[in-house]
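Participant: What follows is start14.pdb; its format and atoms are PDB, N, CA, C and O atoms.
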```pdb
ATOM      1  N   MET A   2      68.755  50.241  69.710
ATOM      2  CA  MET A   2      67.850  51.378  69.709
ATOM      3  C   MET A   2      68.524  52.619  69.119
ATOM      4  O   MET A   2      67.937  53.321  68.339
ATOM      5  N   ARG A   3      69.772  52.850  69.500
ATOM      6  CA  ARG A   3      70.468  54.042  69.027
ATOM      7  C   ARG A   3      70.697  53.980  67.515
ATOM      8  O   ARG A   3      70.584  54.986  66.827
ATOM      9  N   ARG A   4      71.008  52.802  66.984
ATOM     10  CA  ARG A   4      71.246  52.669  65.555
ATOM     11  C   ARG A   4      69.960  52.932  64.775
ATOM     12  O   ARG A   4      69.975  53.596  63.746
ATOM     13  N   GLU A   5      68.835  52.413  65.274
ATOM     14  CA  GLU A   5      67.557  52.654  64.600
ATOM     15  C   GLU A   5      67.195  54.128  64.623
ATOM     16  O   GLU A   5      66.703  54.665  63.628
ATOM     17  N   THR A   6      67.438  54.784  65.727
ATOM     18  CA  THR A   6      67.144  56.206  65.830
ATOM     19  C   THR A   6      68.012  57.000  64.865
ATOM     20  O   THR A   6      67.545  57.961  64.246
ATOM     21  N   GLY A   7      69.260  56.604  64.707
ATOM     22  CA  GLY A   7      70.143  57.284  63.773
ATOM     23  C   GLY A   7      69.651  57.196  62.346
ATOM     24  O   GLY A   7      69.693  58.176  61.598
ATOM     25  N   TRP A   8      69.180  56.025  61.942
ATOM     26  CA  TRP A   8      68.651  55.862  60.589
ATOM     27  C   TRP A   8      67.382  56.688  60.388
ATOM     28  O   TRP A   8      67.178  57.278  59.327
ATOM     29  N   VAL A   9      66.546  56.756  61.410
ATOM     30  CA  VAL A   9      65.325  57.554  61.299
ATOM     31  C   VAL A   9      65.674  59.024  61.110
ATOM     32  O   VAL A   9      65.111  59.698  60.246
ATOM     33  N   PHE A  10      66.617  59.529  61.905
ATOM     34  CA  PHE A  10      67.009  60.926  61.769
ATOM     35  C   PHE A  10      67.714  61.179  60.437
ATOM     36  O   PHE A  10      67.549  62.242  59.840
ATOM     37  N   ALA A  11      68.477  60.234  59.965
ATOM     38  CA  ALA A  11      69.134  60.394  58.665
ATOM     39  C   ALA A  11      68.104  60.470  57.546
ATOM     40  O   ALA A  11      68.206  61.318  56.652
ATOM     41  N   LEU A  12      67.102  59.612  57.596
ATOM     42  CA  LEU A  12      66.051  59.653  56.576
ATOM     43  C   LEU A  12      65.221  60.931  56.668
ATOM     44  O   LEU A  12      64.838  61.503  55.646
ATOM     45  N   MET A  13      64.954  61.381  57.888
ATOM     46  CA  MET A  13      64.216  62.639  58.054
ATOM     47  C   MET A  13      65.013  63.815  57.510
ATOM     48  O   MET A  13      64.448  64.727  56.889
ATOM     49  N   THR A  14      66.318  63.806  57.708
ATOM     50  CA  THR A  14      67.169  64.878  57.199
ATOM     51  C   THR A  14      67.169  64.891  55.678
ATOM     52  O   THR A  14      67.040  65.949  55.051
ATOM     53  N   LEU A  15      67.301  63.713  55.071
ATOM     54  CA  LEU A  15      67.265  63.637  53.608
ATOM     55  C   LEU A  15      65.917  64.074  53.066
ATOM     56  O   LEU A  15      65.836  64.787  52.063
ATOM     57  N   ALA A  16      64.839  63.654  53.721
ATOM     58  CA  ALA A  16      63.504  64.048  53.271
ATOM     59  C   ALA A  16      63.315  65.560  53.383
ATOM     60  O   ALA A  16      62.758  66.196  52.481
ATOM     61  N   ALA A  17      63.781  66.146  54.472
ATOM     62  CA  ALA A  17      63.652  67.597  54.636
ATOM     63  C   ALA A  17      64.489  68.348  53.607
ATOM     64  O   ALA A  17      64.064  69.385  53.094
ATOM     65  N   ALA A  18      65.662  67.819  53.293
ATOM     66  CA  ALA A  18      66.525  68.473  52.305
ATOM     67  C   ALA A  18      65.926  68.394  50.910
ATOM     68  O   ALA A  18      66.219  69.241  50.060
ATOM     69  N   VAL A  19      65.091  67.408  50.665
ATOM     70  CA  VAL A  19      64.448  67.271  49.361
ATOM     71  C   VAL A  19      63.108  67.991  49.333
ATOM     72  O   VAL A  19      62.767  68.663  48.363
ATOM     73  N   LEU A  20      62.329  67.877  50.400
ATOM     74  CA  LEU A  20      60.978  68.422  50.403
ATOM     75  C   LEU A  20      60.939  69.945  50.485
ATOM     76  O   LEU A  20      60.071  70.569  49.866
ATOM     77  N   ALA A  21      61.829  70.553  51.231
ATOM     78  CA  ALA A  21      61.804  72.013  51.375
ATOM     79  C   ALA A  21      62.019  72.730  50.039
ATOM     80  O   ALA A  21      61.211  73.595  49.668
ATOM     81  N   PRO A  22      63.068  72.401  49.289
ATOM     82  CA  PRO A  22      63.217  73.077  47.992
ATOM     83  C   PRO A  22      62.098  72.729  47.008
ATOM     84  O   PRO A  22      61.660  73.587  46.250
ATOM     85  N   ALA A  23      61.626  71.487  47.045
ATOM     86  CA  ALA A  23      60.560  71.091  46.125
ATOM     87  C   ALA A  23      59.271  71.853  46.426
ATOM     88  O   ALA A  23      58.608  72.364  45.509
ATOM     89  N   ALA A  24      58.913  71.948  47.699
ATOM     90  CA  ALA A  24      57.708  72.692  48.070
ATOM     91  C   ALA A  24      57.860  74.175  47.733
ATOM     92  O   ALA A  24      56.917  74.808  47.239
ATOM     93  N   GLY A  25      59.034  74.731  47.975
ATOM     94  CA  GLY A  25      59.275  76.127  47.639
ATOM     95  C   GLY A  25      59.178  76.388  46.143
ATOM     96  O   GLY A  25      58.619  77.402  45.711
ATOM     97  N   LEU A  26      59.713  75.476  45.348
ATOM     98  CA  LEU A  26      59.615  75.625  43.893
ATOM     99  C   LEU A  26      58.176  75.560  43.419
ATOM    100  O   LEU A  26      57.765  76.323  42.538
ATOM    101  N   VAL A  27      57.393  74.663  43.999
ATOM    102  CA  VAL A  27      55.984  74.549  43.603
ATOM    103  C   VAL A  27      55.229  75.825  43.952
ATOM    104  O   VAL A  27      54.479  76.364  43.130
ATOM    105  N   VAL A  28      55.415  76.327  45.154
ATOM    106  CA  VAL A  28      54.718  77.552  45.563
ATOM    107  C   VAL A  28      55.170  78.739  44.714
ATOM    108  O   VAL A  28      54.344  79.553  44.282
ATOM    109  N   ALA A  29      56.455  78.851  44.458
ATOM    110  CA  ALA A  29      56.954  79.956  43.633
ATOM    111  C   ALA A  29      56.440  79.849  42.205
ATOM    112  O   ALA A  29      56.174  80.870  41.563
ATOM    113  N   GLN A  30      56.287  78.639  41.710
ATOM    114  CA  GLN A  30      55.761  78.445  40.356
ATOM    115  C   GLN A  30      54.285  78.840  40.291
ATOM    116  O   GLN A  30      53.857  79.505  39.349
ATOM    117  N   VAL A  31      53.523  78.442  41.307
ATOM    118  CA  VAL A  31      52.100  78.767  41.323
ATOM    119  C   VAL A  31      51.897  80.274  41.451
ATOM    120  O   VAL A  31      51.030  80.853  40.790
ATOM    121  N   GLU A  32      52.689  80.917  42.295
ATOM    122  CA  GLU A  32      52.561  82.363  42.511
ATOM    123  C   GLU A  32      53.258  83.175  41.412
ATOM    124  O   GLU A  32      53.145  84.399  41.403
ATOM    125  N   ASN A  33      53.992  82.501  40.521
ATOM    126  CA  ASN A  33      54.699  83.134  39.410
ATOM    127  C   ASN A  33      55.685  84.200  39.903
ATOM    128  O   ASN A  33      55.669  85.342  39.452
ATOM    129  N   ARG A  34      56.547  83.810  40.831
ATOM    130  CA  ARG A  34      57.556  84.716  41.384
ATOM    131  C   ARG A  34      58.926  84.241  40.922
ATOM    132  O   ARG A  34      59.425  83.228  41.377
ATOM    133  N   ARG A  35      59.528  84.969  40.009
ATOM    134  CA  ARG A  35      60.770  84.541  39.362
ATOM    135  C   ARG A  35      61.966  84.563  40.301
ATOM    136  O   ARG A  35      62.772  83.638  40.303
ATOM    137  N   LYS A  36      62.123  85.631  41.089
ATOM    138  CA  LYS A  36      63.285  85.725  41.973
ATOM    139  C   LYS A  36      63.248  84.651  43.059
ATOM    140  O   LYS A  36      64.268  84.049  43.378
ATOM    141  N   VAL A  37      62.072  84.424  43.599
ATOM    142  CA  VAL A  37      61.933  83.399  44.636
ATOM    143  C   VAL A  37      62.178  82.015  44.034
ATOM    144  O   VAL A  37      62.824  81.161  44.636
ATOM    145  N   ARG A  38      61.685  81.806  42.829
ATOM    146  CA  ARG A  38      61.896  80.524  42.150
ATOM    147  C   ARG A  38      63.376  80.285  41.912
ATOM    148  O   ARG A  38      63.876  79.169  42.085
ATOM    149  N   ALA A  39      64.112  81.314  41.557
ATOM    150  CA  ALA A  39      65.552  81.173  41.338
ATOM    151  C   ALA A  39      66.272  80.827  42.639
ATOM    152  O   ALA A  39      67.185  80.000  42.651
ATOM    153  N   ARG A  40      65.848  81.433  43.739
ATOM    154  CA  ARG A  40      66.471  81.121  45.027
ATOM    155  C   ARG A  40      66.218  79.673  45.430
ATOM    156  O   ARG A  40      67.107  78.995  45.939
ATOM    157  N   PHE A  41      64.987  79.212  45.234
ATOM    158  CA  PHE A  41      64.700  77.820  45.584
ATOM    159  C   PHE A  41      65.398  76.848  44.634
ATOM    160  O   PHE A  41      65.742  75.733  45.027
ATOM    161  N   LEU A  42      65.617  77.245  43.407
ATOM    162  CA  LEU A  42      66.374  76.395  42.484
ATOM    163  C   LEU A  42      67.821  76.263  42.939
ATOM    164  O   LEU A  42      68.391  75.168  42.907
ATOM    165  N   VAL A  43      68.414  77.363  43.410
ATOM    166  CA  VAL A  43      69.763  77.304  43.967
ATOM    167  C   VAL A  43      69.767  76.440  45.221
ATOM    168  O   VAL A  43      70.667  75.612  45.425
ATOM    169  N   MET A  44      68.746  76.598  46.060
ATOM    170  CA  MET A  44      68.653  75.792  47.270
ATOM    171  C   MET A  44      68.553  74.305  46.934
ATOM    172  O   MET A  44      69.182  73.468  47.580
ATOM    173  N   ALA A  45      67.777  73.966  45.916
ATOM    174  CA  ALA A  45      67.645  72.571  45.505
ATOM    175  C   ALA A  45      68.967  72.030  44.967
ATOM    176  O   ALA A  45      69.332  70.874  45.234
ATOM    177  N   THR A  46      69.693  72.839  44.245
ATOM    178  CA  THR A  46      70.978  72.410  43.709
ATOM    179  C   THR A  46      71.997  72.189  44.818
ATOM    180  O   THR A  46      72.714  71.181  44.824
ATOM    181  N   VAL A  47      72.041  73.109  45.771
ATOM    182  CA  VAL A  47      73.003  72.990  46.864
ATOM    183  C   VAL A  47      72.684  71.792  47.750
ATOM    184  O   VAL A  47      73.568  71.074  48.192
ATOM    185  N   SER A  48      71.400  71.537  48.024
ATOM    186  CA  SER A  48      71.088  70.385  48.862
ATOM    187  C   SER A  48      71.100  69.080  48.071
ATOM    188  O   SER A  48      71.266  68.020  48.660
ATOM    189  N   GLY A  49      70.946  69.148  46.784
ATOM    190  CA  GLY A  49      70.968  67.929  45.980
ATOM    191  C   GLY A  49      72.361  67.357  45.790
ATOM    192  O   GLY A  49      72.523  66.141  45.659
ATOM    193  N   GLY A  50      73.375  68.211  45.796
ATOM    194  CA  GLY A  50      74.749  67.742  45.617
ATOM    195  C   GLY A  50      75.195  66.753  46.680
ATOM    196  O   GLY A  50      75.618  65.637  46.350
ATOM    197  N   PRO A  51      75.096  67.106  47.956
ATOM    198  CA  PRO A  51      75.496  66.144  48.992
ATOM    199  C   PRO A  51      74.632  64.884  49.012
ATOM    200  O   PRO A  51      75.123  63.806  49.313
ATOM    201  N   ILE A  52      73.363  65.017  48.673
ATOM    202  CA  ILE A  52      72.487  63.840  48.637
ATOM    203  C   ILE A  52      72.945  62.885  47.543
ATOM    204  O   ILE A  52      73.044  61.673  47.759
ATOM    205  N   LEU A  53      73.234  63.418  46.372
ATOM    206  CA  LEU A  53      73.719  62.557  45.286
ATOM    207  C   LEU A  53      75.077  61.955  45.617
ATOM    208  O   LEU A  53      75.342  60.794  45.295
ATOM    209  N   LEU A  54      75.941  62.723  46.266
ATOM    210  CA  LEU A  54      77.237  62.197  46.682
ATOM    211  C   LEU A  54      77.060  61.059  47.678
ATOM    212  O   LEU A  54      77.710  60.024  47.573
ATOM    213  N   PHE A  55      76.166  61.249  48.658
ATOM    214  CA  PHE A  55      75.883  60.197  49.636
ATOM    215  C   PHE A  55      75.340  58.944  48.950
ATOM    216  O   PHE A  55      75.773  57.827  49.247
ATOM    217  N   LEU A  56      74.393  59.112  48.037
ATOM    218  CA  LEU A  56      73.836  57.952  47.338
ATOM    219  C   LEU A  56      74.896  57.235  46.520
ATOM    220  O   LEU A  56      74.927  56.001  46.469
ATOM    221  N   PHE A  57      75.773  57.987  45.870
ATOM    222  CA  PHE A  57      76.816  57.367  45.065
ATOM    223  C   PHE A  57      77.798  56.592  45.931
ATOM    224  O   PHE A  57      78.130  55.444  45.637
ATOM    225  N   LEU A  58      78.249  57.211  47.018
ATOM    226  CA  LEU A  58      79.260  56.560  47.849
ATOM    227  C   LEU A  58      78.693  55.442  48.715
ATOM    228  O   LEU A  58      79.365  54.449  48.971
ATOM    229  N   ALA A  59      77.475  55.577  49.187
ATOM    230  CA  ALA A  59      76.917  54.597  50.118
ATOM    231  C   ALA A  59      76.147  53.486  49.425
ATOM    232  O   ALA A  59      76.134  52.353  49.910
ATOM    233  N   VAL A  60      75.535  53.776  48.307
ATOM    234  CA  VAL A  60      74.650  52.789  47.699
ATOM    235  C   VAL A  60      75.213  52.254  46.374
ATOM    236  O   VAL A  60      75.305  51.055  46.169
ATOM    237  N   LEU A  61      75.589  53.152  45.492
ATOM    238  CA  LEU A  61      75.963  52.727  44.150
ATOM    239  C   LEU A  61      77.410  52.271  44.024
ATOM    240  O   LEU A  61      77.744  51.532  43.115
ATOM    241  N   TYR A  62      78.268  52.706  44.932
ATOM    242  CA  TYR A  62      79.693  52.382  44.819
ATOM    243  C   TYR A  62      80.213  51.843  46.147
ATOM    244  O   TYR A  62      81.117  52.414  46.744
ATOM    245  N   PRO A  63      79.645  50.733  46.621
ATOM    246  CA  PRO A  63      80.126  50.190  47.895
ATOM    247  C   PRO A  63      81.472  49.498  47.709
ATOM    248  O   PRO A  63      81.832  49.069  46.612
ATOM    249  N   GLU A  64      82.201  49.386  48.789
ATOM    250  CA  GLU A  64      83.479  48.686  48.727
ATOM    251  C   GLU A  64      83.248  47.199  48.548
ATOM    252  O   GLU A  64      82.294  46.640  49.064
ATOM    253  N   CYS A  65      84.148  46.566  47.850
ATOM    254  CA  CYS A  65      84.075  45.132  47.653
ATOM    255  C   CYS A  65      84.704  44.427  48.872
ATOM    256  O   CYS A  65      85.746  44.862  49.376
ATOM    257  N   PRO A  66      84.102  43.335  49.327
ATOM    258  CA  PRO A  66      84.732  42.569  50.403
ATOM    259  C   PRO A  66      86.047  41.961  49.925
ATOM    260  O   PRO A  66      86.296  41.820  48.728
ATOM    261  N   ASP A  67      86.899  41.593  50.863
ATOM    262  CA  ASP A  67      88.188  41.005  50.512
ATOM    263  C   ASP A  67      87.985  39.735  49.708
ATOM    264  O   ASP A  67      87.174  38.891  50.024
ATOM    265  N   GLY A  68      88.744  39.613  48.649
ATOM    266  CA  GLY A  68      88.688  38.418  47.826
ATOM    267  C   GLY A  68      87.724  38.500  46.666
ATOM    268  O   GLY A  68      87.720  37.636  45.790
ATOM    269  N   TYR A  69      86.888  39.510  46.611
ATOM    270  CA  TYR A  69      85.925  39.661  45.513
ATOM    271  C   TYR A  69      86.386  40.758  44.571
ATOM    272  O   TYR A  69      87.007  41.722  44.974
ATOM    273  N   HIS A  70      86.093  40.573  43.303
ATOM    274  CA  HIS A  70      86.453  41.557  42.297
ATOM    275  C   HIS A  70      85.186  42.241  41.807
ATOM    276  O   HIS A  70      84.252  41.595  41.391
ATOM    277  N   CYS A  71      85.164  43.536  41.870
ATOM    278  CA  CYS A  71      83.976  44.286  41.438
ATOM    279  C   CYS A  71      84.129  44.737  40.004
ATOM    280  O   CYS A  71      85.126  45.140  39.547
TER     281      CYS A  71
END
```
Translate the structure described by the file into structure tokens.

Facilitator:
Amino acid sequence: MRRETGWVFALMTLAAAVLAPAAGLVVAQVENRRKVRARFLVMATVSGGPILLFLFLAVLYPECPDGYHC
């Protein structure tokens, strides 16, 4: 149960880190507010870095089991 809950919270955290800047950028674009759009772009960049790092280390570059050559 605890492991499943951890994955749910991890996915919710990733979704929130992606959805908040995306929604802010859309609203700033519709309202045509340049300063706010720039802030949300910085927010998207800052939250996107750790997400891409996590995806690279956890999904795209997993460790090879003993005896296998990657």

Participant: Using the chain letters and numbers from the file, give me the residues hit by the PyMOL selection byres (((chain A and resi 34-43 and name CA) around 12) and name CA), as a PyMOL selection string.

Facilitator: chain A and resi 18-33+44-50

Participant: Have a look at atom N of Ile52 (chain A) and CA of Ala17 (chain A) and let me know their distance in Å, one decimal.

Facilitator: 11.7 Å

Participant: In chain A, what's alpha helix (DSSP H) per DSSP? Answer as a PyMOL selection string?

Facilitator: chain A and resi 3-32+35-56

Participant: How far is it from atom O of Leu54 (chain A) to CA of Leu15 (chain A), in Å with one decimal?

Facilitator: 12.6 Å

Participant: Which value, in Å to one decimal, gives the distance between atom C of Phe10 (chain A) and atom O of Pro51 (chain A)?

Facilitator: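 So the two atoms, atom C of Phe10 (chain A) and atom O of Pro51 (chain A), lie 13.6 Å apart.
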
Participant: Would you mind completing region 40-51 of chain A so that it carries all heavy atoms, and writing it out as a PDB file, keeping the file's coordinate frame?

Facilitator:
```pdb
ATOM      1  N   ARG A  40      65.848  81.433  43.739  1.00  0.00           N
ATOM      2  CA  ARG A  40      66.471  81.121  45.027  1.00  0.00           C
ATOM      3  C   ARG A  40      66.218  79.673  45.430  1.00  0.00           C
ATOM      4  O   ARG A  40      67.107  78.995  45.939  1.00  0.00           O
ATOM      5  CB  ARG A  40      65.952  82.065  46.104  1.00  0.00           C
ATOM      6  CG  ARG A  40      66.450  83.463  45.941  1.00  0.00           C
ATOM      7  CD  ARG A  40      65.897  84.366  47.003  1.00  0.00           C
ATOM      8  NE  ARG A  40      66.300  85.740  46.760  1.00  0.00           N
ATOM      9  CZ  ARG A  40      65.722  86.777  47.286  1.00  0.00           C
ATOM     10  NH1 ARG A  40      64.711  86.614  48.124  1.00  0.00           N
ATOM     11  NH2 ARG A  40      66.135  87.984  47.011  1.00  0.00           N
ATOM     12  N   PHE A  41      64.987  79.212  45.234  1.00  0.00           N
ATOM     13  CA  PHE A  41      64.700  77.820  45.584  1.00  0.00           C
ATOM     14  C   PHE A  41      65.398  76.848  44.634  1.00  0.00           C
ATOM     15  O   PHE A  41      65.742  75.733  45.027  1.00  0.00           O
ATOM     16  CB  PHE A  41      63.197  77.556  45.607  1.00  0.00           C
ATOM     17  CG  PHE A  41      62.564  77.925  46.909  1.00  0.00           C
ATOM     18  CD1 PHE A  41      61.768  79.036  47.020  1.00  0.00           C
ATOM     19  CD2 PHE A  41      62.786  77.158  48.041  1.00  0.00           C
ATOM     20  CE1 PHE A  41      61.187  79.381  48.223  1.00  0.00           C
ATOM     21  CE2 PHE A  41      62.226  77.491  49.251  1.00  0.00           C
ATOM     22  CZ  PHE A  41      61.422  78.608  49.343  1.00  0.00           C
ATOM     23  N   LEU A  42      65.617  77.245  43.407  1.00  0.00           N
ATOM     24  CA  LEU A  42      66.374  76.395  42.484  1.00  0.00           C
ATOM     25  C   LEU A  42      67.821  76.263  42.939  1.00  0.00           C
ATOM     26  O   LEU A  42      68.391  75.168  42.907  1.00  0.00           O
ATOM     27  CB  LEU A  42      66.301  76.971  41.075  1.00  0.00           C
ATOM     28  CG  LEU A  42      66.852  76.104  39.963  1.00  0.00           C
ATOM     29  CD1 LEU A  42      66.098  74.784  39.911  1.00  0.00           C
ATOM     30  CD2 LEU A  42      66.739  76.816  38.645  1.00  0.00           C
ATOM     31  N   VAL A  43      68.414  77.363  43.410  1.00  0.00           N
ATOM     32  CA  VAL A  43      69.763  77.304  43.967  1.00  0.00           C
ATOM     33  C   VAL A  43      69.767  76.440  45.221  1.00  0.00           C
ATOM     34  O   VAL A  43      70.667  75.612  45.425  1.00  0.00           O
ATOM     35  CB  VAL A  43      70.299  78.721  44.256  1.00  0.00           C
ATOM     36  CG1 VAL A  43      71.569  78.677  45.069  1.00  0.00           C
ATOM     37  CG2 VAL A  43      70.522  79.472  42.965  1.00  0.00           C
ATOM     38  N   MET A  44      68.746  76.598  46.060  1.00  0.00           N
ATOM     39  CA  MET A  44      68.653  75.792  47.270  1.00  0.00           C
ATOM     40  C   MET A  44      68.553  74.305  46.934  1.00  0.00           C
ATOM     41  O   MET A  44      69.182  73.468  47.580  1.00  0.00           O
ATOM     42  CB  MET A  44      67.423  76.229  48.069  1.00  0.00           C
ATOM     43  CG  MET A  44      67.225  75.548  49.384  1.00  0.00           C
ATOM     44  SD  MET A  44      65.754  76.250  50.171  1.00  0.00           S
ATOM     45  CE  MET A  44      65.490  75.066  51.446  1.00  0.00           C
ATOM     46  N   ALA A  45      67.777  73.966  45.916  1.00  0.00           N
ATOM     47  CA  ALA A  45      67.645  72.571  45.505  1.00  0.00           C
ATOM     48  C   ALA A  45      68.967  72.030  44.967  1.00  0.00           C
ATOM     49  O   ALA A  45      69.332  70.874  45.234  1.00  0.00           O
ATOM     50  CB  ALA A  45      66.551  72.439  44.458  1.00  0.00           C
ATOM     51  N   THR A  46      69.693  72.839  44.245  1.00  0.00           N
ATOM     52  CA  THR A  46      70.978  72.410  43.709  1.00  0.00           C
ATOM     53  C   THR A  46      71.997  72.189  44.818  1.00  0.00           C
ATOM     54  O   THR A  46      72.714  71.181  44.824  1.00  0.00           O
ATOM     55  CB  THR A  46      71.508  73.458  42.723  1.00  0.00           C
ATOM     56  OG1 THR A  46      70.530  73.676  41.713  1.00  0.00           O
ATOM     57  CG2 THR A  46      72.805  73.017  42.097  1.00  0.00           C
ATOM     58  N   VAL A  47      72.041  73.109  45.771  1.00  0.00           N
ATOM     59  CA  VAL A  47      73.003  72.990  46.864  1.00  0.00           C
ATOM     60  C   VAL A  47      72.684  71.792  47.750  1.00  0.00           C
ATOM     61  O   VAL A  47      73.568  71.074  48.192  1.00  0.00           O
ATOM     62  CB  VAL A  47      73.040  74.301  47.687  1.00  0.00           C
ATOM     63  CG1 VAL A  47      73.789  74.131  48.981  1.00  0.00           C
ATOM     64  CG2 VAL A  47      73.652  75.411  46.855  1.00  0.00           C
ATOM     65  N   SER A  48      71.400  71.537  48.024  1.00  0.00           N
ATOM     66  CA  SER A  48      71.088  70.385  48.862  1.00  0.00           C
ATOM     67  C   SER A  48      71.100  69.080  48.071  1.00  0.00           C
ATOM     68  O   SER A  48      71.266  68.020  48.660  1.00  0.00           O
ATOM     69  CB  SER A  48      69.767  70.519  49.580  1.00  0.00           C
ATOM     70  OG  SER A  48      68.854  71.315  48.982  1.00  0.00           O
ATOM     71  N   GLY A  49      70.946  69.148  46.784  1.00  0.00           N
ATOM     72  CA  GLY A  49      70.968  67.929  45.980  1.00  0.00           C
ATOM     73  C   GLY A  49      72.361  67.357  45.790  1.00  0.00           C
ATOM     74  O   GLY A  49      72.523  66.141  45.659  1.00  0.00           O
ATOM     75  N   GLY A  50      73.375  68.211  45.796  1.00  0.00           N
ATOM     76  CA  GLY A  50      74.749  67.742  45.617  1.00  0.00           C
ATOM     77  C   GLY A  50      75.195  66.753  46.680  1.00  0.00           C
ATOM     78  O   GLY A  50      75.618  65.637  46.350  1.00  0.00           O
ATOM     79  N   PRO A  51      75.096  67.106  47.956  1.00  0.00           N
ATOM     80  CA  PRO A  51      75.496  66.144  48.992  1.00  0.00           C
ATOM     81  C   PRO A  51      74.632  64.884  49.012  1.00  0.00           C
ATOM     82  O   PRO A  51      75.123  63.806  49.313  1.00  0.00           O
ATOM     83  CB  PRO A  51      75.335  66.928  50.297  1.00  0.00           C
ATOM     84  CG  PRO A  51      75.420  68.344  49.908  1.00  0.00           C
ATOM     85  CD  PRO A  51      74.867  68.432  48.530  1.00  0.00           C
TER      86      PRO A  51
END
```
